[in-house]
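Enquirer: What follows is protein01.pdb; its format and atoms are PDB, C-alpha atoms.
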```pdb
MODEL        1
ATOM      1  CA  MET A 866      25.661 -94.345 -22.861  1.00  0.00           C
ATOM      2  CA  ILE A 867      22.212 -95.530 -21.748  1.00  0.00           C
ATOM      3  CA  ALA A 868      22.025 -99.311 -22.287  1.00  0.00           C
ATOM      4  CA  LYS A 869      18.882-100.170 -20.322  1.00  0.00           C
ATOM      5  CA  LEU A 870      15.884 -98.449 -18.754  1.00  0.00           C
ATOM      6  CA  LYS A 871      13.889 -99.880 -15.863  1.00  0.00           C
ATOM      7  CA  GLY A 872      10.785 -98.014 -14.798  1.00  0.00           C
ATOM      8  CA  ARG A 873       7.067 -97.638 -15.485  1.00  0.00           C
ATOM      9  CA  LEU A 874       5.404 -97.537 -18.890  1.00  0.00           C
ATOM     10  CA  ASP A 875       3.898 -94.047 -19.045  1.00  0.00           C
ATOM     11  CA  SER A 876       2.411 -94.159 -22.555  1.00  0.00           C
ATOM     12  CA  THR A 877       2.901 -95.542 -26.053  1.00  0.00           C
ATOM     13  CA  GLY A 878       2.503 -94.214 -29.598  1.00  0.00           C
ATOM     14  CA  LEU A 879       2.679 -95.733 -33.058  1.00  0.00           C
ATOM     15  CA  ASP A 880       6.471 -95.918 -33.015  1.00  0.00           C
ATOM     16  CA  HIS A 881       7.566 -95.015 -29.492  1.00  0.00           C
ATOM     17  CA  ALA A 882       7.022 -95.422 -25.764  1.00  0.00           C
ATOM     18  CA  ILE A 883       7.615 -93.117 -22.820  1.00  0.00           C
ATOM     19  CA  ILE A 884       9.278 -94.822 -19.870  1.00  0.00           C
ATOM     20  CA  ASP A 885       9.015 -93.080 -16.495  1.00  0.00           C
ATOM     21  CA  VAL A 886      12.241 -93.654 -14.556  1.00  0.00           C
ATOM     22  CA  GLY A 887      12.180 -91.917 -11.188  1.00  0.00           C
ATOM     23  CA  GLY A 888       9.901 -89.161 -12.448  1.00  0.00           C
ATOM     24  CA  VAL A 889      11.860 -88.577 -15.663  1.00  0.00           C
ATOM     25  CA  GLY A 890      10.102 -89.559 -18.894  1.00  0.00           C
ATOM     26  CA  TYR A 891      12.360 -91.100 -21.541  1.00  0.00           C
ATOM     27  CA  LEU A 892      11.039 -91.081 -25.111  1.00  0.00           C
ATOM     28  CA  VAL A 893      12.130 -94.360 -26.698  1.00  0.00           C
ATOM     29  CA  GLY A 894      11.597 -95.282 -30.355  1.00  0.00           C
ATOM     30  CA  ALA A 895      10.597 -98.911 -30.805  1.00  0.00           C
ATOM     31  CA  SER A 896       9.368-101.533 -33.253  1.00  0.00           C
ATOM     32  CA  SER A 897       5.731-102.626 -33.136  1.00  0.00           C
ATOM     33  CA  ARG A 898       6.950-105.988 -31.828  1.00  0.00           C
ATOM     34  CA  THR A 899       8.710-104.369 -28.869  1.00  0.00           C
ATOM     35  CA  LEU A 900       5.755-102.080 -28.134  1.00  0.00           C
ATOM     36  CA  ALA A 901       3.445-105.097 -28.040  1.00  0.00           C
ATOM     37  CA  ALA A 902       5.787-106.871 -25.620  1.00  0.00           C
ATOM     38  CA  LEU A 903       5.896-104.017 -23.115  1.00  0.00           C
ATOM     39  CA  GLY A 904       2.477-104.743 -21.647  1.00  0.00           C
ATOM     40  CA  PRO A 905      -0.135-102.313 -20.310  1.00  0.00           C
ATOM     41  CA  VAL A 906       0.461 -98.664 -19.455  1.00  0.00           C
ATOM     42  CA  GLY A 907       1.306 -98.176 -15.801  1.00  0.00           C
ATOM     43  CA  GLU A 908       3.120-101.497 -15.415  1.00  0.00           C
ATOM     44  CA  ALA A 909       6.822-101.924 -14.600  1.00  0.00           C
ATOM     45  CA  VAL A 910       9.015-102.445 -17.658  1.00  0.00           C
ATOM     46  CA  THR A 911      12.641-103.090 -18.494  1.00  0.00           C
ATOM     47  CA  ILE A 912      13.807-102.160 -21.968  1.00  0.00           C
ATOM     48  CA  HIS A 913      17.216-102.523 -23.647  1.00  0.00           C
ATOM     49  CA  THR A 914      18.265 -99.332 -25.412  1.00  0.00           C
ATOM     50  CA  GLU A 915      20.584 -98.001 -28.081  1.00  0.00           C
ATOM     51  CA  MET A 916      21.555 -94.326 -28.013  1.00  0.00           C
ATOM     52  CA  LEU A 917      21.713 -92.623 -31.423  1.00  0.00           C
ATOM     53  CA  VAL A 918      23.723 -89.426 -31.535  1.00  0.00           C
ATOM     54  CA  SER A 919      23.584 -87.076 -34.533  1.00  0.00           C
ATOM     55  CA  ASP A 920      24.580 -83.458 -35.124  1.00  0.00           C
ATOM     56  CA  ASP A 921      21.203 -82.122 -34.037  1.00  0.00           C
ATOM     57  CA  ALA A 922      19.705 -84.752 -31.731  1.00  0.00           C
ATOM     58  CA  ILE A 923      20.224 -87.579 -29.261  1.00  0.00           C
ATOM     59  CA  ARG A 924      17.609 -90.340 -29.493  1.00  0.00           C
ATOM     60  CA  LEU A 925      16.953 -93.591 -27.701  1.00  0.00           C
ATOM     61  CA  VAL A 926      15.702 -96.722 -29.440  1.00  0.00           C
ATOM     62  CA  GLY A 927      14.347 -99.506 -27.244  1.00  0.00           C
ATOM     63  CA  PHE A 928      14.064-103.278 -27.529  1.00  0.00           C
ATOM     64  CA  ALA A 929      12.222-105.909 -25.505  1.00  0.00           C
ATOM     65  CA  ARG A 930      15.218-108.260 -25.838  1.00  0.00           C
ATOM     66  CA  ALA A 931      18.965-107.708 -26.114  1.00  0.00           C
ATOM     67  CA  GLU A 932      18.917-109.998 -29.161  1.00  0.00           C
ATOM     68  CA  GLU A 933      16.782-107.441 -31.032  1.00  0.00           C
ATOM     69  CA  ARG A 934      19.185-104.656 -30.078  1.00  0.00           C
ATOM     70  CA  ASP A 935      22.081-106.695 -31.484  1.00  0.00           C
ATOM     71  CA  TRP A 936      20.204-107.117 -34.766  1.00  0.00           C
ATOM     72  CA  PHE A 937      19.443-103.387 -34.843  1.00  0.00           C
ATOM     73  CA  ARG A 938      23.163-102.636 -34.585  1.00  0.00           C
ATOM     74  CA  LEU A 939      23.951-105.042 -37.427  1.00  0.00           C
ATOM     75  CA  LEU A 940      21.165-103.724 -39.651  1.00  0.00           C
ATOM     76  CA  THR A 941      22.093-100.058 -39.224  1.00  0.00           C
ATOM     77  CA  GLY A 942      25.660-100.948 -40.198  1.00  0.00           C
ATOM     78  CA  VAL A 943      24.420-101.759 -43.712  1.00  0.00           C
ATOM     79  CA  GLN A 944      24.543 -98.886 -46.203  1.00  0.00           C
ATOM     80  CA  GLY A 945      21.061 -97.516 -46.802  1.00  0.00           C
ATOM     81  CA  VAL A 946      19.590 -98.899 -43.576  1.00  0.00           C
ATOM     82  CA  GLY A 947      18.755 -96.172 -41.077  1.00  0.00           C
ATOM     83  CA  SER A 948      17.092 -96.579 -37.714  1.00  0.00           C
ATOM     84  CA  ARG A 949      13.562 -96.355 -39.157  1.00  0.00           C
ATOM     85  CA  VAL A 950      14.190 -99.078 -41.730  1.00  0.00           C
ATOM     86  CA  ALA A 951      15.897-101.274 -39.131  1.00  0.00           C
ATOM     87  CA  LEU A 952      12.889-100.933 -36.821  1.00  0.00           C
ATOM     88  CA  ALA A 953      10.542-101.705 -39.722  1.00  0.00           C
ATOM     89  CA  ILE A 954      12.474-104.940 -40.362  1.00  0.00           C
ATOM     90  CA  LEU A 955      12.353-105.867 -36.679  1.00  0.00           C
ATOM     91  CA  SER A 956       8.610-105.128 -36.682  1.00  0.00           C
ATOM     92  CA  ALA A 957       8.058-107.470 -39.629  1.00  0.00           C
ATOM     93  CA  LEU A 958      10.384-110.307 -38.627  1.00  0.00           C
ATOM     94  CA  GLU A 959      11.223-112.140 -35.425  1.00  0.00           C
ATOM     95  CA  PRO A 960      14.999-112.360 -34.791  1.00  0.00           C
ATOM     96  CA  ALA A 961      14.853-116.086 -35.624  1.00  0.00           C
ATOM     97  CA  GLU A 962      13.103-115.342 -38.941  1.00  0.00           C
ATOM     98  CA  LEU A 963      15.598-112.599 -39.755  1.00  0.00           C
ATOM     99  CA  HIS A 964      18.516-114.879 -38.929  1.00  0.00           C
ATOM    100  CA  ARG A 965      17.130-117.585 -41.204  1.00  0.00           C
ATOM    101  CA  ALA A 966      16.466-115.085 -44.025  1.00  0.00           C
ATOM    102  CA  VAL A 967      20.025-113.730 -43.881  1.00  0.00           C
ATOM    103  CA  ALA A 968      21.600-117.177 -43.561  1.00  0.00           C
ATOM    104  CA  THR A 969      19.716-118.495 -46.604  1.00  0.00           C
ATOM    105  CA  GLY A 970      19.808-115.268 -48.641  1.00  0.00           C
ATOM    106  CA  ASP A 971      16.011-115.044 -48.645  1.00  0.00           C
ATOM    107  CA  LYS A 972      15.652-111.446 -49.833  1.00  0.00           C
ATOM    108  CA  ALA A 973      11.896-111.853 -50.331  1.00  0.00           C
ATOM    109  CA  MET A 974      11.412-112.431 -46.604  1.00  0.00           C
ATOM    110  CA  ILE A 975      13.540-109.393 -45.707  1.00  0.00           C
ATOM    111  CA  ALA A 976      11.629-107.290 -48.251  1.00  0.00           C
ATOM    112  CA  ARG A 977       8.393-107.940 -46.336  1.00  0.00           C
ATOM    113  CA  ALA A 978       9.326-104.957 -44.157  1.00  0.00           C
ATOM    114  CA  ASN A 979       7.984-101.527 -45.075  1.00  0.00           C
ATOM    115  CA  GLY A 980      10.537 -99.429 -46.956  1.00  0.00           C
ATOM    116  CA  VAL A 981      12.730-102.377 -47.953  1.00  0.00           C
ATOM    117  CA  GLY A 982      12.955-103.065 -51.682  1.00  0.00           C
ATOM    118  CA  PRO A 983      14.539-106.094 -53.373  1.00  0.00           C
ATOM    119  CA  LYS A 984      17.929-104.402 -53.888  1.00  0.00           C
ATOM    120  CA  LEU A 985      18.227-103.301 -50.278  1.00  0.00           C
ATOM    121  CA  ALA A 986      17.042-106.705 -49.064  1.00  0.00           C
ATOM    122  CA  GLN A 987      19.743-108.376 -51.173  1.00  0.00           C
ATOM    123  CA  ARG A 988      22.392-106.004 -49.798  1.00  0.00           C
ATOM    124  CA  ILE A 989      21.311-106.769 -46.224  1.00  0.00           C
ATOM    125  CA  ALA A 990      21.526-110.513 -46.848  1.00  0.00           C
ATOM    126  CA  ASN A 991      24.917-110.235 -48.571  1.00  0.00           C
ATOM    127  CA  GLU A 992      26.547-107.946 -46.002  1.00  0.00           C
ATOM    128  CA  LEU A 993      25.242-109.670 -42.873  1.00  0.00           C
ATOM    129  CA  LYS A 994      25.684-113.296 -43.897  1.00  0.00           C
ATOM    130  CA  ASP A 995      29.241-113.386 -42.551  1.00  0.00           C
ATOM    131  CA  LYS A 996      28.368-111.319 -39.471  1.00  0.00           C
ATOM    132  CA  ILE A 997      25.379-113.138 -38.017  1.00  0.00           C
ATOM    133  CA  GLY A 998      27.593-114.876 -35.495  1.00  0.00           C
ATOM    134  CA  ALA A 999      27.706-111.473 -33.760  1.00  0.00           C
ATOM    135  CA  VAL A1000      24.174-111.963 -32.423  1.00  0.00           C
ATOM    136  CA  PRO A1001      22.776-114.762 -30.259  1.00  0.00           C
ATOM    137  CA  MET A1002      21.557-117.593 -32.457  1.00  0.00           C
ATOM    138  CA  PRO A1003      17.789-118.161 -32.451  1.00  0.00           C
ATOM    139  CA  THR A1004      16.256-121.133 -30.702  1.00  0.00           C
ATOM    140  CA  GLY A1005      16.145-124.246 -32.862  1.00  0.00           C
ATOM    141  CA  ALA A1006      17.785-127.540 -33.651  1.00  0.00           C
ATOM    142  CA  VAL A1007      21.544-127.511 -33.306  1.00  0.00           C
ATOM    143  CA  GLY A1008      21.846-129.923 -36.199  1.00  0.00           C
ATOM    144  CA  GLY A1009      20.161-127.400 -38.468  1.00  0.00           C
ATOM    145  CA  GLY A1010      22.756-124.773 -37.736  1.00  0.00           C
ATOM    146  CA  PHE A1011      20.887-123.119 -34.886  1.00  0.00           C
ATOM    147  CA  ALA A1012      21.994-123.121 -31.277  1.00  0.00           C
ATOM    148  CA  VAL A1013      19.717-123.331 -28.271  1.00  0.00           C
ATOM    149  CA  VAL A1014      19.229-119.956 -26.598  1.00  0.00           C
ATOM    150  CA  PRO A1015      17.798-119.599 -23.094  1.00  0.00           C
ATOM    151  CA  THR A1016      14.533-117.655 -23.240  1.00  0.00           C
ATOM    152  CA  GLY A1017      14.346-116.216 -19.729  1.00  0.00           C
ATOM    153  CA  GLY A1018      16.425-114.117 -17.361  1.00  0.00           C
ATOM    154  CA  HIS A1019      19.770-112.804 -18.607  1.00  0.00           C
ATOM    155  CA  GLY A1020      20.394-115.564 -21.168  1.00  0.00           C
ATOM    156  CA  ALA A1021      20.810-113.373 -24.248  1.00  0.00           C
ATOM    157  CA  ASP A1022      23.089-110.911 -22.417  1.00  0.00           C
ATOM    158  CA  ALA A1023      25.226-113.767 -21.080  1.00  0.00           C
ATOM    159  CA  ILE A1024      25.580-115.275 -24.557  1.00  0.00           C
ATOM    160  CA  SER A1025      26.620-111.899 -25.929  1.00  0.00           C
ATOM    161  CA  ALA A1026      29.214-111.562 -23.138  1.00  0.00           C
ATOM    162  CA  LEU A1027      30.746-114.963 -23.944  1.00  0.00           C
ATOM    163  CA  GLN A1028      30.846-114.163 -27.655  1.00  0.00           C
ATOM    164  CA  ASN A1029      32.666-110.918 -26.868  1.00  0.00           C
ATOM    165  CA  LEU A1030      35.255-113.059 -25.075  1.00  0.00           C
ATOM    166  CA  GLY A1031      35.834-115.069 -28.240  1.00  0.00           C
ATOM    167  CA  PHE A1032      33.527-118.057 -27.887  1.00  0.00           C
ATOM    168  CA  LYS A1033      31.596-119.198 -30.959  1.00  0.00           C
ATOM    169  CA  PRO A1034      27.798-118.627 -30.912  1.00  0.00           C
ATOM    170  CA  ALA A1035      26.988-122.336 -30.529  1.00  0.00           C
ATOM    171  CA  GLU A1036      29.549-122.750 -27.714  1.00  0.00           C
ATOM    172  CA  ALA A1037      28.269-119.660 -25.892  1.00  0.00           C
ATOM    173  CA  SER A1038      24.626-120.703 -26.288  1.00  0.00           C
ATOM    174  CA  SER A1039      25.083-124.247 -24.977  1.00  0.00           C
ATOM    175  CA  ALA A1040      27.244-123.084 -22.044  1.00  0.00           C
ATOM    176  CA  VAL A1041      24.717-120.435 -20.996  1.00  0.00           C
ATOM    177  CA  ALA A1042      21.823-122.867 -21.395  1.00  0.00           C
ATOM    178  CA  ALA A1043      23.593-125.343 -19.093  1.00  0.00           C
ATOM    179  CA  ALA A1044      24.407-122.603 -16.571  1.00  0.00           C
ATOM    180  CA  GLU A1045      20.851-121.290 -16.556  1.00  0.00           C
ATOM    181  CA  GLU A1046      19.464-124.791 -16.062  1.00  0.00           C
ATOM    182  CA  GLU A1047      21.705-125.200 -13.019  1.00  0.00           C
ATOM    183  CA  LEU A1048      21.176-121.736 -11.512  1.00  0.00           C
ATOM    184  CA  GLY A1049      17.571-121.069 -12.523  1.00  0.00           C
ATOM    185  CA  GLU A1050      16.084-118.142 -14.419  1.00  0.00           C
ATOM    186  CA  ASP A1051      16.413-115.779 -11.432  1.00  0.00           C
ATOM    187  CA  ALA A1052      20.219-115.952 -11.481  1.00  0.00           C
ATOM    188  CA  SER A1053      22.097-112.671 -11.791  1.00  0.00           C
ATOM    189  CA  LEU A1054      23.905-111.892 -15.038  1.00  0.00           C
ATOM    190  CA  ASP A1055      27.273-111.988 -13.261  1.00  0.00           C
ATOM    191  CA  ALA A1056      26.633-115.446 -11.770  1.00  0.00           C
ATOM    192  CA  LEU A1057      25.318-116.752 -15.089  1.00  0.00           C
ATOM    193  CA  VAL A1058      28.372-115.537 -17.029  1.00  0.00           C
ATOM    194  CA  ARG A1059      30.815-116.931 -14.439  1.00  0.00           C
ATOM    195  CA  LEU A1060      29.262-120.405 -14.462  1.00  0.00           C
ATOM    196  CA  ALA A1061      28.860-120.402 -18.254  1.00  0.00           C
ATOM    197  CA  LEU A1062      32.568-119.549 -18.618  1.00  0.00           C
ATOM    198  CA  ARG A1063      33.508-122.524 -16.449  1.00  0.00           C
ATOM    199  CA  LYS A1064      31.265-124.837 -18.467  1.00  0.00           C
ATOM    200  CA  ALA A1065      32.525-123.498 -21.806  1.00  0.00           C
ATOM    201  CA  ALA A1066      36.140-124.002 -20.731  1.00  0.00           C
ATOM    202  CA  LYS A1067      35.617-127.708 -19.931  1.00  0.00           C
TER     203      LYS A1067
ENDMDL
END
```
In structure tokens, how does this file's structure come out?
Expert:
Amino acid sequence: MIAKLKGRLDSTGLDHAIIDVGGVGYLVGASSRTLAALGPVGEAVTIHTEMLVSDDAIRLVGFARAEERDWFRLLTGVQGVGSRVALAILSALEPAELHRAVATGDKAMIARANGVGPKLAQRIANELKDKIGAVPMPTGAVGGGFAVVPTGGHGADAISALQNLGFKPAEASSAVAAAEEELGEDASLDALVRLALRKAAK
């Protein structure tokens, strides 16, 4: 399972990038939003990945943030949503916009993505409404139902780790935010998770 690639951006296409890792070029499918976030060709990049295995192929899909990868996993779990449609949705909507659309049942916003009709948009909203706690909550006011998510370093990965341990999204987000404020954005993922766990347990 390849979960992350760290190397040099070799080239990009309309729906993919090639990441050179130690002389090996990995073809990674990606949303337009992720491709835009990668920066110029030749620069160092780190990209979160999801490996898709089918009967006749193994493909990698890449994401600028772990939060986008989590949404990709949720979206492709909905009947009728394949990897191309999921990437189209992530190209059209920021994770925060997608979270808000699902939470409020705004099928019109989801249907802004290419290849997503009203029926499929409604199915996505219906099926994911009870599952959106499985992804880090977008940045926003806690009182409005959104938790504060750290924007730098390993924040999103740390939040995901705490949620996997059973903490609620808001609890995980606030604990990681406090830990990151104390340790700084350069803190390792391991150190961030350890401190966040201590803060969440208080």
Enquirer: Identify which of the residues A:Ser896, A:His881, A:Glu932, A:Ala1065 lies closest to A:Ala961, counting all atoms listed in the file when measuring atom-to-atom distances.
Expert: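 Checking each candidate against A:Ala961, we get A:Glu932 as the closest.
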Enquirer: Mind telling me what the PyMOL selection byres ((chain A and resi 1043) around 12) catches here, as a VMD selection string?
Expert: chain A and resid 1013 to 1015 1020 1023 to 1024 1036 to 1042 1044 to 1050 1057 to 1058 1060 to 1065
Enquirer: Mind dumping the selected residues with C-alpha atoms as an mmCIF file, in the frame of the given file?
Expert:
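part00.cif was written with the following content:
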```
data_model
loop_
_atom_site.group_PDB
_atom_site.id
_atom_site.type_symbol
_atom_site.label_atom_id
_atom_site.label_comp_id
_atom_site.auth_asym_id
_atom_site.auth_seq_id
_atom_site.Cartn_x
_atom_site.Cartn_y
_atom_site.Cartn_z
ATOM 1 C CA VAL A 1013 19.717 -123.331 -28.271
ATOM 2 C CA VAL A 1014 19.229 -119.956 -26.598
ATOM 3 C CA PRO A 1015 17.798 -119.599 -23.094
ATOM 4 C CA GLY A 1020 20.394 -115.564 -21.168
ATOM 5 C CA ALA A 1023 25.226 -113.767 -21.080
ATOM 6 C CA ILE A 1024 25.580 -115.275 -24.557
ATOM 7 C CA GLU A 1036 29.549 -122.750 -27.714
ATOM 8 C CA ALA A 1037 28.269 -119.660 -25.892
ATOM 9 C CA SER A 1038 24.626 -120.703 -26.288
ATOM 10 C CA SER A 1039 25.083 -124.247 -24.977
ATOM 11 C CA ALA A 1040 27.244 -123.084 -22.044
ATOM 12 C CA VAL A 1041 24.717 -120.435 -20.996
ATOM 13 C CA ALA A 1042 21.823 -122.867 -21.395
ATOM 14 C CA ALA A 1044 24.407 -122.603 -16.571
ATOM 15 C CA GLU A 1045 20.851 -121.290 -16.556
ATOM 16 C CA GLU A 1046 19.464 -124.791 -16.062
ATOM 17 C CA GLU A 1047 21.705 -125.200 -13.019
ATOM 18 C CA LEU A 1048 21.176 -121.736 -11.512
ATOM 19 C CA GLY A 1049 17.571 -121.069 -12.523
ATOM 20 C CA GLU A 1050 16.084 -118.142 -14.419
ATOM 21 C CA LEU A 1057 25.318 -116.752 -15.089
ATOM 22 C CA VAL A 1058 28.372 -115.537 -17.029
ATOM 23 C CA LEU A 1060 29.262 -120.405 -14.462
ATOM 24 C CA ALA A 1061 28.860 -120.402 -18.254
ATOM 25 C CA LEU A 1062 32.568 -119.549 -18.618
ATOM 26 C CA ARG A 1063 33.508 -122.524 -16.449
ATOM 27 C CA LYS A 1064 31.265 -124.837 -18.467
ATOM 28 C CA ALA A 1065 32.525 -123.498 -21.806
#
```
Enquirer: Applying 6 Å and only C-alpha atoms, which residues near A:Val886 remain after dropping the ones on its own chain fewer than 2 positions away? List them as a list in words.
Expert: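 My list of contacting residues is Gly872, Gly888 and Val889 of chain A.
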Enquirer: When the PyMOL selection byres ((chain A and resi 949) around 10) is applied to the file above, which residues end up in the set, as an mmCIF file with C-alpha atoms, keeping the file's coordinate frame?
Expert:
```
data_model
loop_
_atom_site.group_PDB
_atom_site.id
_atom_site.type_symbol
_atom_site.label_atom_id
_atom_site.label_comp_id
_atom_site.auth_asym_id
_atom_site.auth_seq_id
_atom_site.Cartn_x
_atom_site.Cartn_y
_atom_site.Cartn_z
ATOM 1 C CA ASP A 880 6.471 -95.918 -33.015
ATOM 2 C CA GLY A 894 11.597 -95.282 -30.355
ATOM 3 C CA ALA A 895 10.597 -98.911 -30.805
ATOM 4 C CA SER A 896 9.368 -101.533 -33.253
ATOM 5 C CA VAL A 926 15.702 -96.722 -29.440
ATOM 6 C CA THR A 941 22.093 -100.058 -39.224
ATOM 7 C CA VAL A 946 19.590 -98.899 -43.576
ATOM 8 C CA GLY A 947 18.755 -96.172 -41.077
ATOM 9 C CA SER A 948 17.092 -96.579 -37.714
ATOM 10 C CA VAL A 950 14.190 -99.078 -41.730
ATOM 11 C CA ALA A 951 15.897 -101.274 -39.131
ATOM 12 C CA LEU A 952 12.889 -100.933 -36.821
ATOM 13 C CA ALA A 953 10.542 -101.705 -39.722
ATOM 14 C CA ILE A 954 12.474 -104.940 -40.362
ATOM 15 C CA LEU A 955 12.353 -105.867 -36.679
ATOM 16 C CA ASN A 979 7.984 -101.527 -45.075
ATOM 17 C CA GLY A 980 10.537 -99.429 -46.956
#
```
Enquirer: For atom CA of A:Lys984 and atom CA of A:Arg938, quote the distance in Å rounded to one decimal.
Expert: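 Result for atom CA of A:Lys984 versus atom CA of A:Arg938: 20.1 Å, one decimal.
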Enquirer: Which residues would end up in the selection if the PyMOL selection byres ((chain A and resi 968-975) around 6) were applied here, given that I need the answer as a list of chain:residue names?
Expert: A:Arg965, A:Ala966, A:Val967, A:Ala976, A:Arg977, A:Ala986, A:Gln987, A:Ala990, A:Lys994
Enquirer: Rounded to one decimal in Å, what is the spacing between atom CA of A:Ala957 and atom CA of A:Gly942?
Expert: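 Separation between atom CA of A:Ala957 and atom CA of A:Gly942: 18.8 Å.
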Enquirer: Considering only C-alpha atoms, return as a PyMOL selection string whatever protein or nucleic-acid residues lie within 12 Å of A:Gly927, sequence-local ones (same chain, fewer than 3 positions apart) excluded.
Expert: chain A and resi 867-871+880-884+891-900+902-903+910-917+924+930-935+937-938+948+952+955
Enquirer: Calculate how many Å separate atom CA of A:Gly878 from atom CA of A:Glu959, rounding to one decimal.
Expert: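 Atom-to-atom, atom CA of A:Gly878 to atom CA of A:Glu959, that is 20.8 Å.
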Enquirer: What's the 8 Å shell around A:Glu908, counting only C-alpha atoms, without same-chain residues fewer than 2 positions away, as a list in words?
Expert: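 After dropping sequence-adjacent residues, the list is Arg873, Leu874, Gly904, Pro905, Val906 and Val910 of chain A.
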Enquirer: If you take every atom of stretch 1033-1048 of chain A that the file lists and fit an axis-aligned box around them with 3 Å extra on each side, what centre and edge lengths come out in Å to one decimal, as JSON?
Expert:
```
{"center_x": 25.5, "center_y": -122.0, "center_z": -21.2, "size_x": 18.1, "size_y": 12.7, "size_z": 25.4}
```
Enquirer: Point out the residue among A:Ala1056, A:Leu925, A:Asp995, A:Leu879 with the least atom-to-atom distance to A:Ser956, counting only C-alpha atoms.
Expert: A:Leu879
Enquirer: List the neighbours of A:Arg988 out to 9 Å using only C-alpha atoms; skip same-chain residues closer than 3 positions along the sequence, and give me the result as a PDB file with C-alpha atoms, keeping the file's coordinate frame.
Expert:
```pdb
ATOM      1  CA  VAL A 943      24.420-101.759 -43.712  1.00  0.00           C
ATOM      2  CA  GLN A 944      24.543 -98.886 -46.203  1.00  0.00           C
ATOM      3  CA  LYS A 972      15.652-111.446 -49.833  1.00  0.00           C
ATOM      4  CA  PRO A 983      14.539-106.094 -53.373  1.00  0.00           C
ATOM      5  CA  LYS A 984      17.929-104.402 -53.888  1.00  0.00           C
ATOM      6  CA  LEU A 985      18.227-103.301 -50.278  1.00  0.00           C
ATOM      7  CA  ASN A 991      24.917-110.235 -48.571  1.00  0.00           C
ATOM      8  CA  GLU A 992      26.547-107.946 -46.002  1.00  0.00           C
ATOM      9  CA  LEU A 993      25.242-109.670 -42.873  1.00  0.00           C
TER      10      LEU A 993
END
```
Enquirer: Pick out the closest residue to A:Ser1053 from this set: A:Ile923, A:Gly945, A:Asp1022, A:Gly982. Count all atoms listed in the file.
Expert: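 Nearest to A:Ser1053: A:Asp1022.
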Enquirer: How would stretch 878-889 of chain A look with N, CA, C and O atoms restored, written as a PDB file, keeping the file's coordinate frame?
Expert:
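Output saved as rebuild_37.pdb:
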```
ATOM      1  N   GLY A 878       3.006 -94.778 -28.350  1.00  0.00           N
ATOM      2  CA  GLY A 878       2.503 -94.214 -29.598  1.00  0.00           C
ATOM      3  C   GLY A 878       2.677 -95.238 -30.696  1.00  0.00           C
ATOM      4  O   GLY A 878       2.973 -96.412 -30.433  1.00  0.00           O
ATOM      5  N   LEU A 879       2.540 -94.804 -31.939  1.00  0.00           N
ATOM      6  CA  LEU A 879       2.679 -95.733 -33.058  1.00  0.00           C
ATOM      7  C   LEU A 879       4.088 -96.295 -33.164  1.00  0.00           C
ATOM      8  O   LEU A 879       4.277 -97.446 -33.551  1.00  0.00           O
ATOM      9  N   ASP A 880       5.087 -95.474 -32.831  1.00  0.00           N
ATOM     10  CA  ASP A 880       6.471 -95.918 -33.015  1.00  0.00           C
ATOM     11  C   ASP A 880       7.362 -95.591 -31.820  1.00  0.00           C
ATOM     12  O   ASP A 880       8.575 -95.539 -31.933  1.00  0.00           O
ATOM     13  N   HIS A 881       6.756 -95.371 -30.651  1.00  0.00           N
ATOM     14  CA  HIS A 881       7.566 -95.015 -29.492  1.00  0.00           C
ATOM     15  C   HIS A 881       6.834 -95.332 -28.187  1.00  0.00           C
ATOM     16  O   HIS A 881       5.627 -95.596 -28.179  1.00  0.00           O
ATOM     17  N   ALA A 882       7.583 -95.294 -27.112  1.00  0.00           N
ATOM     18  CA  ALA A 882       7.022 -95.422 -25.764  1.00  0.00           C
ATOM     19  C   ALA A 882       7.706 -94.394 -24.877  1.00  0.00           C
ATOM     20  O   ALA A 882       8.822 -93.947 -25.164  1.00  0.00           O
ATOM     21  N   ILE A 883       7.010 -93.997 -23.823  1.00  0.00           N
ATOM     22  CA  ILE A 883       7.615 -93.117 -22.820  1.00  0.00           C
ATOM     23  C   ILE A 883       7.748 -93.923 -21.540  1.00  0.00           C
ATOM     24  O   ILE A 883       6.766 -94.438 -21.009  1.00  0.00           O
ATOM     25  N   ILE A 884       8.987 -94.061 -21.074  1.00  0.00           N
ATOM     26  CA  ILE A 884       9.278 -94.822 -19.870  1.00  0.00           C
ATOM     27  C   ILE A 884       9.586 -93.847 -18.733  1.00  0.00           C
ATOM     28  O   ILE A 884      10.487 -93.013 -18.853  1.00  0.00           O
ATOM     29  N   ASP A 885       8.816 -93.937 -17.662  1.00  0.00           N
ATOM     30  CA  ASP A 885       9.015 -93.080 -16.495  1.00  0.00           C
ATOM     31  C   ASP A 885      10.020 -93.749 -15.564  1.00  0.00           C
ATOM     32  O   ASP A 885       9.752 -94.808 -14.992  1.00  0.00           O
ATOM     33  N   VAL A 886      11.196 -93.132 -15.442  1.00  0.00           N
ATOM     34  CA  VAL A 886      12.241 -93.654 -14.556  1.00  0.00           C
ATOM     35  C   VAL A 886      12.504 -92.609 -13.476  1.00  0.00           C
ATOM     36  O   VAL A 886      13.121 -91.580 -13.733  1.00  0.00           O
ATOM     37  N   GLY A 887      11.981 -92.853 -12.292  1.00  0.00           N
ATOM     38  CA  GLY A 887      12.180 -91.917 -11.188  1.00  0.00           C
ATOM     39  C   GLY A 887      11.628 -90.530 -11.453  1.00  0.00           C
ATOM     40  O   GLY A 887      12.217 -89.528 -11.026  1.00  0.00           O
ATOM     41  N   GLY A 888      10.522 -90.457 -12.169  1.00  0.00           N
ATOM     42  CA  GLY A 888       9.901 -89.161 -12.448  1.00  0.00           C
ATOM     43  C   GLY A 888      10.379 -88.489 -13.722  1.00  0.00           C
ATOM     44  O   GLY A 888       9.866 -87.442 -14.119  1.00  0.00           O
ATOM     45  N   VAL A 889      11.361 -89.102 -14.391  1.00  0.00           N
ATOM     46  CA  VAL A 889      11.860 -88.577 -15.663  1.00  0.00           C
ATOM     47  C   VAL A 889      11.317 -89.441 -16.797  1.00  0.00           C
ATOM     48  O   VAL A 889      11.465 -90.663 -16.779  1.00  0.00           O
TER      49      VAL A 889
END
```
